[in-house]
Amino acid sequence: MIDAGTHGAANWVDLTTPDVDGSQAFYQQLFGWDVVGITTSMGEYFTAEIGGKEIAGMMEPGAEQPGSPAAWTTFFYVADIDDTVGKVKDAGGQILEPPFDIPGDAKVAVIADPTGGMFAIISGPRPHGIYFSRNHGAPCWIELLTRDTDSAEAFYGAVLGWTAVTSLTDGTAYTMFKLDDDDVAGMMMMPDEVPAAAPAHWSVYFAVDDCAAAEKKVVALGGEVLRLTTDIGIGRFAVAADPHGAKFNLMEFAE
């Protein structure tokens with residue numbers, strides 16, 4: 001598995017939410033997370049853990065971000081954040097938030113690719129990053145949904161050094177982004193059922209032991225199921241939103 005401190009690798013996912021207490025309760029009951037809060041110079045930050053391993057974070061938007069919608073954000077590690085920001089501009093992306101310091105001597109910038117997909121980049125000392133696994137409640141995959149896969153492929157190749165391998169499954173094209181021989185992320189065209197107003201976006205998949213059961217629990221906890229459990233080659237997945245509207249995916253892997 002690729003090291004999370006490799007340039008271009010997924011390094012973290014976190015949730016911006018207007019109600020961090022309510023979001024904690026939702027995800028703790030859904031995924032069994034242990035949540036630990038710390039006070040930082042940017043405010044209260046909460047880290048979710050499974051089996052003692054950090055898997056995700058969450059916080060309320062700062063005073064400079066009033067009314068920010070609830071959303072999950074994927075972070076990719078970069079060796080030099082200023083150099084990467086320059087590549088983003090050259091490749092047709094947008095700098096939504098220029099590099100800023102965060103606790104731990106790291107820097108973060110928020111980016112939009114040319115198709116509108118928003119993500120963050122992080123640089124600096126970080127001894128470990130996101131813990132991907134197939135354990136219930138852990139992030140297990142990230143994926144870009146876009147209406148212009150060619151532009152996205154060129155952008156991420158130029159900025160993060162990814163190569164792309166596209167294959168057809170049941171007539172649907174799916175792109176696997178790679179660093180050397182390691183899978184980094186996936187990409188596919190926005191499904192037809194997604195409203196035209198929905199922008200390109202990165203999705204986080206969380207592993208579950210039983211997708212249909214998790215889907216029912218989402219609803220019982222006040223969330224919404226946007227796509228019912230669907231069989232795919234490697235298992236079953238569903239698309240959901242938490243009570244504040246942050247979208248995420250559920251993934252049950254086949255044995």
# chains A, B, ... in the order shown; residues from 1 in each chain; ligands from 1
$ residues_around --residues "range 226-234 of chain A" --least-positions-apart "2" --cutoff "12 Å" --atoms "only C-alpha atoms" --output "ChimeraX atom specification"
/A:169-170,172,191,193-195,208,210-216,218-219,223-224,236-242,245-255
$ residues_around --residues "range 33-46 of chain A" --least-positions-apart "6" --cutoff "8 Å" --atoms "only C-alpha atoms" --output "number ranges by chain"
A: 24, 27, 57-60, 62, 102-103, 137
$ write_last_selection --atoms "N, CA, C and O atoms" --output "short mmCIF file (atom, residue, chain, number, x, y, z; two decimals), in the first residue's frame"
data_model
loop_
_atom_site.label_atom_id
_atom_site.label_comp_id
_atom_site.auth_asym_id
_atom_site.auth_seq_id
_atom_site.Cartn_x
_atom_site.Cartn_y
_atom_site.Cartn_z
N GLN A 24 -20.87 14.11 15.31
CA GLN A 24 -20.19 13.08 16.08
C GLN A 24 -21.13 11.94 16.42
O GLN A 24 -20.81 10.76 16.25
N TYR A 27 -22.08 9.71 13.25
CA TYR A 27 -21.06 8.81 12.73
C TYR A 27 -20.60 7.80 13.79
O TYR A 27 -20.24 6.66 13.45
N GLY A 57 -11.29 13.37 10.39
CA GLY A 57 -11.45 14.48 11.31
C GLY A 57 -12.73 15.23 11.03
O GLY A 57 -13.39 15.00 10.01
N MET A 58 -13.10 16.11 11.94
CA MET A 58 -14.27 16.96 11.73
C MET A 58 -14.15 18.22 12.56
O MET A 58 -13.52 18.24 13.62
N MET A 59 -14.73 19.29 12.05
CA MET A 59 -14.77 20.55 12.78
C MET A 59 -15.86 21.45 12.21
O MET A 59 -16.36 21.20 11.09
N GLU A 60 -16.24 22.45 12.97
CA GLU A 60 -17.20 23.43 12.48
C GLU A 60 -16.46 24.47 11.64
O GLU A 60 -15.26 24.71 11.86
N GLY A 62 -14.93 27.93 10.32
CA GLY A 62 -14.45 29.09 11.05
C GLY A 62 -15.30 30.31 10.79
O GLY A 62 -16.19 30.31 9.92
N ILE A 102 -1.44 25.19 9.50
CA ILE A 102 -2.31 24.47 10.43
C ILE A 102 -1.43 23.90 11.54
O ILE A 102 -0.21 23.83 11.39
N PRO A 103 -2.02 23.53 12.67
CA PRO A 103 -1.22 22.98 13.76
C PRO A 103 -0.39 21.78 13.30
O PRO A 103 -0.83 20.98 12.46
N GLY A 137 -16.39 0.96 9.14
CA GLY A 137 -16.28 2.36 9.55
C GLY A 137 -15.05 3.09 9.08
O GLY A 137 -14.94 4.30 9.28
#
$ atom_distance --atom1 "CA of Ile122 in chain A" --atom2 "CA of Phe100 in chain A"
9.7 Å
$ closest_residue --among "A:Phe31, A:Ala158, A:Asp148, A:Ala120" --to "Lys89 in chain A" --atoms "only C-alpha atoms"
A:Ala158
$ atom_distance --atom1 "CA of Phe119 in chain A" --atom2 "CA of Arg134 in chain A"
23.0 Å
$ residues_around --residues "Gly32 in chain A" --least-positions-apart "4" --cutoff "10 Å" --atoms "only C-alpha atoms" --output "ChimeraX atom specification"
/A:25-28,48-50,136-138
$ residues_around --residues "Asp182 in chain A" --least-positions-apart "3" --cutoff "12 Å" --atoms "only C-alpha atoms" --output "PyMOL selection string"
chain A and resi 1-4+6+8-10+162-165+176-179+185-186
$ write_last_selection --atoms "all heavy atoms" --output "short mmCIF file (atom, residue, chain, number, x, y, z; two decimals), in the first residue's frame"
data_model
loop_
_atom_site.label_atom_id
_atom_site.label_comp_id
_atom_site.auth_asym_id
_atom_site.auth_seq_id
_atom_site.Cartn_x
_atom_site.Cartn_y
_atom_site.Cartn_z
N MET A 1 0.85 -1.19 0.00
CA MET A 1 0.00 0.00 0.00
C MET A 1 0.89 1.25 0.00
O MET A 1 1.90 1.29 0.69
CB MET A 1 -0.91 -0.01 1.23
CG MET A 1 -1.85 1.19 1.31
SD MET A 1 -2.95 1.13 2.75
CE MET A 1 -3.92 -0.32 2.31
N ILE A 2 0.48 2.26 -0.75
CA ILE A 2 1.27 3.47 -0.87
C ILE A 2 1.32 4.23 0.45
O ILE A 2 0.34 4.28 1.21
CB ILE A 2 0.68 4.37 -1.99
CG1 ILE A 2 1.64 5.50 -2.31
CG2 ILE A 2 -0.69 4.88 -1.61
CD1 ILE A 2 1.26 6.23 -3.57
N ASP A 3 2.48 4.79 0.77
CA ASP A 3 2.65 5.57 1.98
C ASP A 3 1.94 6.91 1.85
O ASP A 3 2.03 7.58 0.82
CB ASP A 3 4.15 5.79 2.24
CG ASP A 3 4.39 6.50 3.56
OD1 ASP A 3 4.37 7.75 3.57
OD2 ASP A 3 4.59 5.81 4.57
N ALA A 4 1.22 7.31 2.90
CA ALA A 4 0.43 8.54 2.85
C ALA A 4 1.28 9.79 2.79
O ALA A 4 0.77 10.89 2.55
CB ALA A 4 -0.51 8.61 4.05
N THR A 6 3.67 10.13 0.56
CA THR A 6 4.17 10.18 -0.81
C THR A 6 3.47 11.31 -1.57
O THR A 6 2.25 11.47 -1.45
CB THR A 6 3.91 8.85 -1.53
OG1 THR A 6 4.54 7.79 -0.81
CG2 THR A 6 4.43 8.89 -2.96
N GLY A 8 1.30 13.11 -3.88
CA GLY A 8 0.16 12.68 -4.69
C GLY A 8 -0.72 11.65 -4.02
O GLY A 8 -1.78 11.31 -4.56
N ALA A 9 -0.34 11.15 -2.85
CA ALA A 9 -1.13 10.13 -2.17
C ALA A 9 -2.23 10.77 -1.32
O ALA A 9 -2.08 11.87 -0.80
CB ALA A 9 -0.24 9.27 -1.28
N ALA A 10 -3.33 10.05 -1.17
CA ALA A 10 -4.37 10.50 -0.26
C ALA A 10 -3.81 10.50 1.16
O ALA A 10 -3.15 9.54 1.57
CB ALA A 10 -5.58 9.58 -0.34
N TRP A 162 -0.12 11.63 -11.31
CA TRP A 162 -0.86 10.39 -11.48
C TRP A 162 -0.85 9.92 -12.94
O TRP A 162 -0.87 10.72 -13.87
CB TRP A 162 -2.31 10.56 -11.08
CG TRP A 162 -2.54 10.85 -9.63
CD1 TRP A 162 -1.63 10.80 -8.61
CD2 TRP A 162 -3.78 11.26 -9.04
NE1 TRP A 162 -2.22 11.13 -7.43
CE2 TRP A 162 -3.53 11.42 -7.65
CE3 TRP A 162 -5.06 11.49 -9.53
CZ2 TRP A 162 -4.55 11.81 -6.76
CZ3 TRP A 162 -6.06 11.88 -8.65
CH2 TRP A 162 -5.80 12.04 -7.28
N THR A 163 -0.86 8.62 -13.12
CA THR A 163 -1.16 8.04 -14.43
C THR A 163 -2.57 7.46 -14.35
O THR A 163 -3.08 7.17 -13.26
CB THR A 163 -0.16 6.95 -14.81
OG1 THR A 163 -0.14 5.94 -13.78
CG2 THR A 163 1.23 7.53 -14.97
N ALA A 164 -3.20 7.28 -15.48
CA ALA A 164 -4.59 6.83 -15.52
C ALA A 164 -4.72 5.57 -16.36
O ALA A 164 -4.17 5.48 -17.45
CB ALA A 164 -5.48 7.93 -16.09
N VAL A 165 -5.48 4.62 -15.82
CA VAL A 165 -5.79 3.38 -16.54
C VAL A 165 -7.30 3.24 -16.55
O VAL A 165 -7.94 3.17 -15.48
CB VAL A 165 -5.16 2.15 -15.86
CG1 VAL A 165 -5.55 0.88 -16.61
CG2 VAL A 165 -3.64 2.29 -15.79
N MET A 176 -8.78 4.26 -13.09
CA MET A 176 -7.99 4.07 -11.88
C MET A 176 -6.77 4.97 -11.98
O MET A 176 -5.98 4.87 -12.92
CB MET A 176 -7.56 2.61 -11.75
CG MET A 176 -7.09 2.23 -10.37
SD MET A 176 -8.43 2.10 -9.18
CE MET A 176 -9.16 0.54 -9.68
N PHE A 177 -6.63 5.89 -11.04
CA PHE A 177 -5.44 6.72 -10.97
C PHE A 177 -4.37 5.98 -10.17
O PHE A 177 -4.66 5.37 -9.15
CB PHE A 177 -5.74 8.06 -10.29
CG PHE A 177 -6.53 9.02 -11.12
CD1 PHE A 177 -7.77 9.48 -10.71
CD2 PHE A 177 -6.03 9.48 -12.34
CE1 PHE A 177 -8.50 10.38 -11.46
CE2 PHE A 177 -6.75 10.38 -13.11
CZ PHE A 177 -7.99 10.83 -12.68
N LYS A 178 -3.11 6.08 -10.65
CA LYS A 178 -2.02 5.34 -10.03
C LYS A 178 -0.79 6.20 -9.83
O LYS A 178 -0.55 7.16 -10.58
CB LYS A 178 -1.64 4.14 -10.90
CG LYS A 178 -2.70 3.05 -11.02
CD LYS A 178 -2.27 1.97 -11.99
CE LYS A 178 -3.24 0.81 -12.03
NZ LYS A 178 -3.12 -0.06 -10.83
N LEU A 179 -0.03 5.86 -8.80
CA LEU A 179 1.34 6.33 -8.62
C LEU A 179 2.22 5.10 -8.70
O LEU A 179 2.11 4.20 -7.85
CB LEU A 179 1.52 7.01 -7.26
CG LEU A 179 0.98 8.44 -7.13
CD1 LEU A 179 1.04 8.91 -5.68
CD2 LEU A 179 1.76 9.40 -8.03
N ALA A 185 -6.71 6.50 -6.50
CA ALA A 185 -8.09 6.99 -6.50
C ALA A 185 -8.78 6.51 -7.76
O ALA A 185 -8.15 6.03 -8.70
CB ALA A 185 -8.11 8.52 -6.41
N GLY A 186 -10.10 6.67 -7.79
CA GLY A 186 -10.88 6.31 -8.97
C GLY A 186 -11.56 7.53 -9.56
O GLY A 186 -11.63 8.59 -8.94
#
$ select_by_dssp --residues "range 80-218 of chain A" --states "strand (DSSP E or B)" --output "MDAnalysis selection string"
chainID A and resid 94:102 106:112 118:123 139:146 163:169 172:179 182:189 201:207
$ residues_around --residues "range 139-147 of chain A" --least-positions-apart "5" --cutoff "10 Å" --atoms "only C-alpha atoms" --output "ChimeraX atom specification"
/A:10,12-13,55-56,74,115-118,130-134,152,175-177,183-191,196,198-208,248-251,253
$ atom_distance --atom1 "CA of Pro125 in chain A" --atom2 "CA of Lys107 in chain A"
9.4 Å
$ closest_residue --among "A:Gly222, A:Lys217, A:Glu153, A:Ile95" --to "Gly22 in chain A" --atoms "only C-alpha atoms"
A:Gly222
